[in-house]
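Working notes, structure below.
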Amino acid sequence: MQQLYPPADGPADLEAAYAYPPLAGDASWLRANMVTSLDGATQGHDGRSRTVSSPPDRVVLSLLRRLCDVIIAGAGTVRAERYGPVDRPIAVVSRSLQFDPEAPLFAEATHRTIVITLESAPADRRARLAAVADVILAGGDELDVAAARQALADRGLTRQLCEGGAHLLAHIVAAEALDELCYTLTPRMVGGHSARLLETPLPLESDWTLGHLIEDESTLFTRWVARRG
């Protein structure tokens with residue numbers, strides 16, 4: 001593995017390259033991890049990101065999960081990617097709460113699953129899920145990203161990793177709440193139709209600075225840090 005930017009001698013130290021910055025008190029750092037094929041697809045024909053992934057990408061995915069305190073994902077991503085229990089808490093963002101409380105994500109979780117939803121979400125579904133998950137209310141009719149992020153930090157989950165999907169990520173970026181984007185470009189083309197990294201009907205402006213560029217077996221790993229102010 002060769003680190004291309006910033007210049008370095010020898011292979012990149014991935015743990016150092018992706019280390020979270022030091023955090024004091026309840027300060028948090030929210031990063032996202034996304035992957036696309038060479039032709040820009042975030043998913044393959046089966047609706048899963050694994051189809052456009054690569055072996056080096058899966059190594060970095062595993063590392064990013066190991067470094068974080070909590071994995072955040074939208075309900076659609078959780079269903080499409082068939083999330084199951086992992087060795088980190090998972091926070092699922094959902095408006096409708098159309099989950100089976102007996103699904104492995106809840107029933108077999110090694111850490112109690114967190115559900116982030118709205119005050120307008122169906123009360124009966126909230127009650128059912130509260131028996132198997134920690135339910136966080138973050139916003140009335142629209143997601144309050146800052147409130148959700150703070151609620152996780154209040155639980156000691158300050159190193160936060162969002163794995164999409166595109167609608168949730170767009171909401172986070174629009175709220176200027178994303179600190180870092182870890183973006184992987186794999187040497188594959190898949191054609192067909194696919195979502196972009198961000199899916200939103202509204203334009204938004206967001207500027208970023210390149211943190212690093214690493215190549216491994218023609219897979220390119222970039223880390224982008226948000227420009228503030």
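Ordered as shown in the structure tokens, chains take letters A, B, and onward, while each chain numbers its residues from 1 and ligands are numbered from 1 in the order shown.
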Within 12 Å of Ser218 (chain A), counting only C-alpha atoms, which residues show up once you throw out same-chain ones fewer than 5 positions away? Write them as a compact mmCIF listing (two decimals) with all heavy atoms, in the first residue's frame, please.
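part27.txt was written with the following content:
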# COMPACT_ATOMS: atom_id res chain seq x y z
N MET A 1 0.85 -1.19 0.00
CA MET A 1 0.00 0.00 0.00
C MET A 1 0.88 1.24 0.00
O MET A 1 1.82 1.32 0.77
CB MET A 1 -0.92 0.00 1.23
CG MET A 1 -1.85 1.20 1.28
SD MET A 1 -3.05 1.07 2.62
CE MET A 1 -4.08 -0.25 2.01
N GLN A 2 0.57 2.18 -0.86
CA GLN A 2 1.38 3.39 -1.00
C GLN A 2 0.54 4.62 -0.71
O GLN A 2 -0.53 4.80 -1.30
CB GLN A 2 1.94 3.49 -2.42
CG GLN A 2 2.85 4.70 -2.61
CD GLN A 2 3.40 4.78 -4.01
OE1 GLN A 2 3.01 4.02 -4.86
NE2 GLN A 2 4.31 5.69 -4.24
N SER A 37 -18.13 2.79 -7.31
CA SER A 37 -17.38 2.20 -8.40
C SER A 37 -16.75 3.30 -9.23
O SER A 37 -17.01 4.50 -9.03
CB SER A 37 -18.33 1.37 -9.28
OG SER A 37 -19.30 2.22 -9.88
N LEU A 38 -15.95 2.92 -10.20
CA LEU A 38 -15.28 3.89 -11.06
C LEU A 38 -16.29 4.72 -11.85
O LEU A 38 -16.03 5.89 -12.16
CB LEU A 38 -14.33 3.16 -12.02
CG LEU A 38 -13.31 3.98 -12.79
CD1 LEU A 38 -12.43 4.78 -11.85
CD2 LEU A 38 -12.46 3.07 -13.66
N SER A 53 -17.71 -2.77 -3.95
CA SER A 53 -16.57 -2.72 -3.05
C SER A 53 -15.39 -3.52 -3.63
O SER A 53 -15.45 -4.02 -4.75
CB SER A 53 -16.97 -3.26 -1.67
OG SER A 53 -15.90 -3.19 -0.77
N SER A 54 -14.34 -3.61 -2.86
CA SER A 54 -13.14 -4.37 -3.24
C SER A 54 -12.54 -4.92 -1.95
O SER A 54 -12.85 -4.44 -0.86
CB SER A 54 -12.13 -3.48 -3.96
OG SER A 54 -11.61 -2.50 -3.07
N PRO A 55 -11.66 -5.93 -2.05
CA PRO A 55 -11.03 -6.45 -0.83
C PRO A 55 -10.32 -5.38 0.00
O PRO A 55 -10.50 -5.34 1.23
CB PRO A 55 -10.07 -7.52 -1.36
CG PRO A 55 -10.74 -8.01 -2.61
CD PRO A 55 -11.36 -6.78 -3.22
N PRO A 56 -9.52 -4.48 -0.61
CA PRO A 56 -8.90 -3.44 0.23
C PRO A 56 -9.94 -2.53 0.89
O PRO A 56 -9.75 -2.08 2.02
CB PRO A 56 -8.02 -2.66 -0.76
CG PRO A 56 -7.73 -3.63 -1.84
CD PRO A 56 -8.99 -4.42 -1.99
N ASP A 57 -11.04 -2.25 0.19
CA ASP A 57 -12.09 -1.41 0.77
C ASP A 57 -12.68 -2.07 2.01
O ASP A 57 -12.96 -1.40 3.01
CB ASP A 57 -13.18 -1.15 -0.26
CG ASP A 57 -14.36 -0.39 0.33
OD1 ASP A 57 -14.15 0.70 0.89
OD2 ASP A 57 -15.50 -0.90 0.26
N THR A 184 -14.05 6.01 -0.82
CA THR A 184 -13.28 5.00 -1.54
C THR A 184 -13.76 4.90 -2.97
O THR A 184 -14.96 4.83 -3.23
CB THR A 184 -13.43 3.62 -0.86
OG1 THR A 184 -12.98 3.70 0.49
CG2 THR A 184 -12.62 2.57 -1.60
N LEU A 185 -12.83 4.88 -3.91
CA LEU A 185 -13.13 4.69 -5.33
C LEU A 185 -12.51 3.37 -5.76
O LEU A 185 -11.28 3.20 -5.70
CB LEU A 185 -12.55 5.84 -6.15
CG LEU A 185 -12.79 5.82 -7.66
CD1 LEU A 185 -14.27 5.98 -7.97
CD2 LEU A 185 -11.97 6.91 -8.35
N THR A 186 -13.35 2.42 -6.18
CA THR A 186 -12.86 1.10 -6.54
C THR A 186 -12.69 0.98 -8.05
O THR A 186 -13.38 1.67 -8.81
CB THR A 186 -13.81 -0.01 -6.04
OG1 THR A 186 -15.09 0.13 -6.68
CG2 THR A 186 -13.98 0.06 -4.54
N PRO A 187 -11.79 0.10 -8.50
CA PRO A 187 -11.50 -0.02 -9.94
C PRO A 187 -12.50 -0.94 -10.64
O PRO A 187 -12.13 -1.92 -11.30
CB PRO A 187 -10.08 -0.61 -9.95
CG PRO A 187 -10.05 -1.46 -8.72
CD PRO A 187 -10.89 -0.74 -7.70
N ARG A 188 -13.81 -0.61 -10.51
CA ARG A 188 -14.85 -1.42 -11.13
C ARG A 188 -15.86 -0.51 -11.81
O ARG A 188 -16.05 0.64 -11.40
CB ARG A 188 -15.59 -2.27 -10.08
CG ARG A 188 -14.70 -3.13 -9.23
CD ARG A 188 -15.55 -4.07 -8.39
NE ARG A 188 -16.28 -5.01 -9.24
CZ ARG A 188 -17.23 -5.83 -8.80
NH1 ARG A 188 -17.58 -5.80 -7.53
NH2 ARG A 188 -17.84 -6.66 -9.62
N LEU A 213 -4.62 10.61 0.47
CA LEU A 213 -4.95 9.78 -0.68
C LEU A 213 -4.04 8.56 -0.62
O LEU A 213 -2.82 8.69 -0.62
CB LEU A 213 -4.73 10.54 -2.00
CG LEU A 213 -4.81 9.73 -3.29
CD1 LEU A 213 -6.18 9.09 -3.45
CD2 LEU A 213 -4.48 10.62 -4.50
- Query: Could you pull out the alpha helix (DSSP H) residues of region 99-226 of chain A from DSSP and send them as a PyMOL selection string?
  - Reply: chain A and resi 104-107+123-130+145-154+166-174
Check your understanding: Looking at only C-alpha atoms, which of A:Arg159, A:Met189, A:Glu142, A:His45 is the one that sits closest to Pro22 (chain A)?
Key ->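 Among the listed residues, A:Arg159 lies closest to Pro22 (chain A).
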Using only C-alpha atoms, find the one residue out of A:Leu14, A:Leu97, A:Ala133, A:Ile72 that sits nearest to Cys162 (chain A).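 Among A:Leu14, A:Leu97, A:Ala133, A:Ile72, it is A:Ile72 that comes nearest to Cys162 (chain A).
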Handout entry: Neighbour list for Ile116 (chain A) as a list of chain:residue names, cut-off 6 Å, only C-alpha atoms, skip fewer than 3 positions in-chain
Key =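 Using only C-alpha atoms, the neighbours found are A:Val92, A:Val93, A:Val135, A:Ile136.
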Selected residues, all heavy atoms, written as a PDB file, in the first residue's frame, please.
ATOM      1  N   VAL A  92     -29.711   3.435  14.321  1.00  0.00           N
ATOM      2  CA  VAL A  92     -30.488   3.430  13.088  1.00  0.00           C
ATOM      3  C   VAL A  92     -31.396   4.652  13.069  1.00  0.00           C
ATOM      4  O   VAL A  92     -32.126   4.894  14.029  1.00  0.00           O
ATOM      5  CB  VAL A  92     -31.332   2.152  12.963  1.00  0.00           C
ATOM      6  CG1 VAL A  92     -32.025   2.108  11.608  1.00  0.00           C
ATOM      7  CG2 VAL A  92     -30.480   0.911  13.171  1.00  0.00           C
ATOM      8  N   VAL A  93     -31.350   5.395  11.986  1.00  0.00           N
ATOM      9  CA  VAL A  93     -32.188   6.586  11.845  1.00  0.00           C
ATOM     10  C   VAL A  93     -33.407   6.220  11.016  1.00  0.00           C
ATOM     11  O   VAL A  93     -33.279   5.728   9.890  1.00  0.00           O
ATOM     12  CB  VAL A  93     -31.410   7.733  11.169  1.00  0.00           C
ATOM     13  CG1 VAL A  93     -32.287   8.973  11.066  1.00  0.00           C
ATOM     14  CG2 VAL A  93     -30.133   8.041  11.946  1.00  0.00           C
ATOM     15  N   VAL A 135     -34.465   4.350  22.311  1.00  0.00           N
ATOM     16  CA  VAL A 135     -35.095   5.226  21.324  1.00  0.00           C
ATOM     17  C   VAL A 135     -34.772   6.681  21.653  1.00  0.00           C
ATOM     18  O   VAL A 135     -35.035   7.148  22.761  1.00  0.00           O
ATOM     19  CB  VAL A 135     -36.625   5.013  21.288  1.00  0.00           C
ATOM     20  CG1 VAL A 135     -37.266   5.979  20.293  1.00  0.00           C
ATOM     21  CG2 VAL A 135     -36.947   3.564  20.900  1.00  0.00           C
ATOM     22  N   ILE A 136     -34.182   7.376  20.689  1.00  0.00           N
ATOM     23  CA  ILE A 136     -33.834   8.791  20.823  1.00  0.00           C
ATOM     24  C   ILE A 136     -34.765   9.603  19.936  1.00  0.00           C
ATOM     25  O   ILE A 136     -34.919   9.303  18.741  1.00  0.00           O
ATOM     26  CB  ILE A 136     -32.376   9.044  20.403  1.00  0.00           C
ATOM     27  CG1 ILE A 136     -31.402   8.372  21.384  1.00  0.00           C
ATOM     28  CG2 ILE A 136     -32.082  10.538  20.298  1.00  0.00           C
ATOM     29  CD1 ILE A 136     -29.952   8.465  20.945  1.00  0.00           C
TER      30      ILE A 136
END
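The space between CA of His171 (chain A) and CA of Ala138 (chain A) spans 13.2 Å.
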Next item on the list: Determine, counting only C-alpha atoms, which protein, DNA and RNA residues have an atom within 12 Å of an atom of Trp29 (chain A); residues of the same chain fewer than 4 positions away are not included. Present the result as a ChimeraX atom specification.
Entry: /A:19-25,67-70,146,149-150,152-153,156-162,177-181,225-226
- Neighbours of Thr110 (chain A) within 8 Å (only C-alpha atoms; same-chain residues fewer than 3 positions away dropped), as a ChimeraX atom specification? /A:85-89
Please write the residues from the selection above to a file, keeping all heavy atoms, as a tab-separated table (two decimals), in the first residue's frame.
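Everything below was put into selection_36.tsv:
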chain	number	residue	atom	x	y	z
A	85	PRO	N	-25.85	-7.90	14.03
A	85	PRO	CA	-25.06	-7.48	15.19
A	85	PRO	C	-23.58	-7.34	14.84
A	85	PRO	O	-23.02	-8.15	14.10
A	85	PRO	CB	-25.28	-8.60	16.20
A	85	PRO	CG	-26.55	-9.27	15.78
A	85	PRO	CD	-26.57	-9.17	14.29
A	86	VAL	N	-22.95	-6.30	15.35
A	86	VAL	CA	-21.50	-6.10	15.23
A	86	VAL	C	-20.99	-5.78	16.62
A	86	VAL	O	-21.75	-5.69	17.58
A	86	VAL	CB	-21.16	-4.98	14.24
A	86	VAL	CG1	-21.58	-5.34	12.83
A	86	VAL	CG2	-21.81	-3.67	14.67
A	87	ASP	N	-19.67	-5.60	16.74
A	87	ASP	CA	-19.09	-5.39	18.07
A	87	ASP	C	-19.06	-3.91	18.45
A	87	ASP	O	-18.26	-3.50	19.28
A	87	ASP	CB	-17.69	-6.00	18.16
A	87	ASP	CG	-16.71	-5.35	17.19
A	87	ASP	OD1	-17.15	-4.51	16.38
A	87	ASP	OD2	-15.52	-5.70	17.24
A	88	ARG	N	-19.93	-3.12	17.84
A	88	ARG	CA	-20.12	-1.72	18.19
A	88	ARG	C	-21.62	-1.43	18.25
A	88	ARG	O	-22.40	-2.10	17.57
A	88	ARG	CB	-19.48	-0.80	17.14
A	88	ARG	CG	-17.97	-0.82	17.09
A	88	ARG	CD	-17.37	-0.16	18.32
A	88	ARG	NE	-15.91	-0.09	18.24
A	88	ARG	CZ	-15.09	-1.06	18.61
A	88	ARG	NH1	-15.59	-2.20	19.08
A	88	ARG	NH2	-13.79	-0.92	18.54
A	89	PRO	N	-22.03	-0.45	19.05
A	89	PRO	CA	-23.44	-0.05	18.99
A	89	PRO	C	-23.80	0.44	17.59
A	89	PRO	O	-22.97	1.07	16.92
A	89	PRO	CB	-23.53	1.08	20.02
A	89	PRO	CG	-22.35	0.93	20.90
A	89	PRO	CD	-21.27	0.33	20.04
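Between CA of Gly40 (chain A) and CA of Val52 (chain A) the interatomic distance comes to 9.5 Å.
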Notebook entry, point to check: Between A:Pro122, A:Ala32, A:Thr117, A:Gly192, which has the minimum distance to Ala170 (chain A) (counting only C-alpha atoms)?
Noted result: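 Selected residue with least distance to Ala170 (chain A): A:Ala32.
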Review point. Hey, can you check how far CA of Gln98 (chain A) sits from CA of Ala75 (chain A)?
Key: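 Separation of CA of Gln98 (chain A) and CA of Ala75 (chain A): 8.6 Å.
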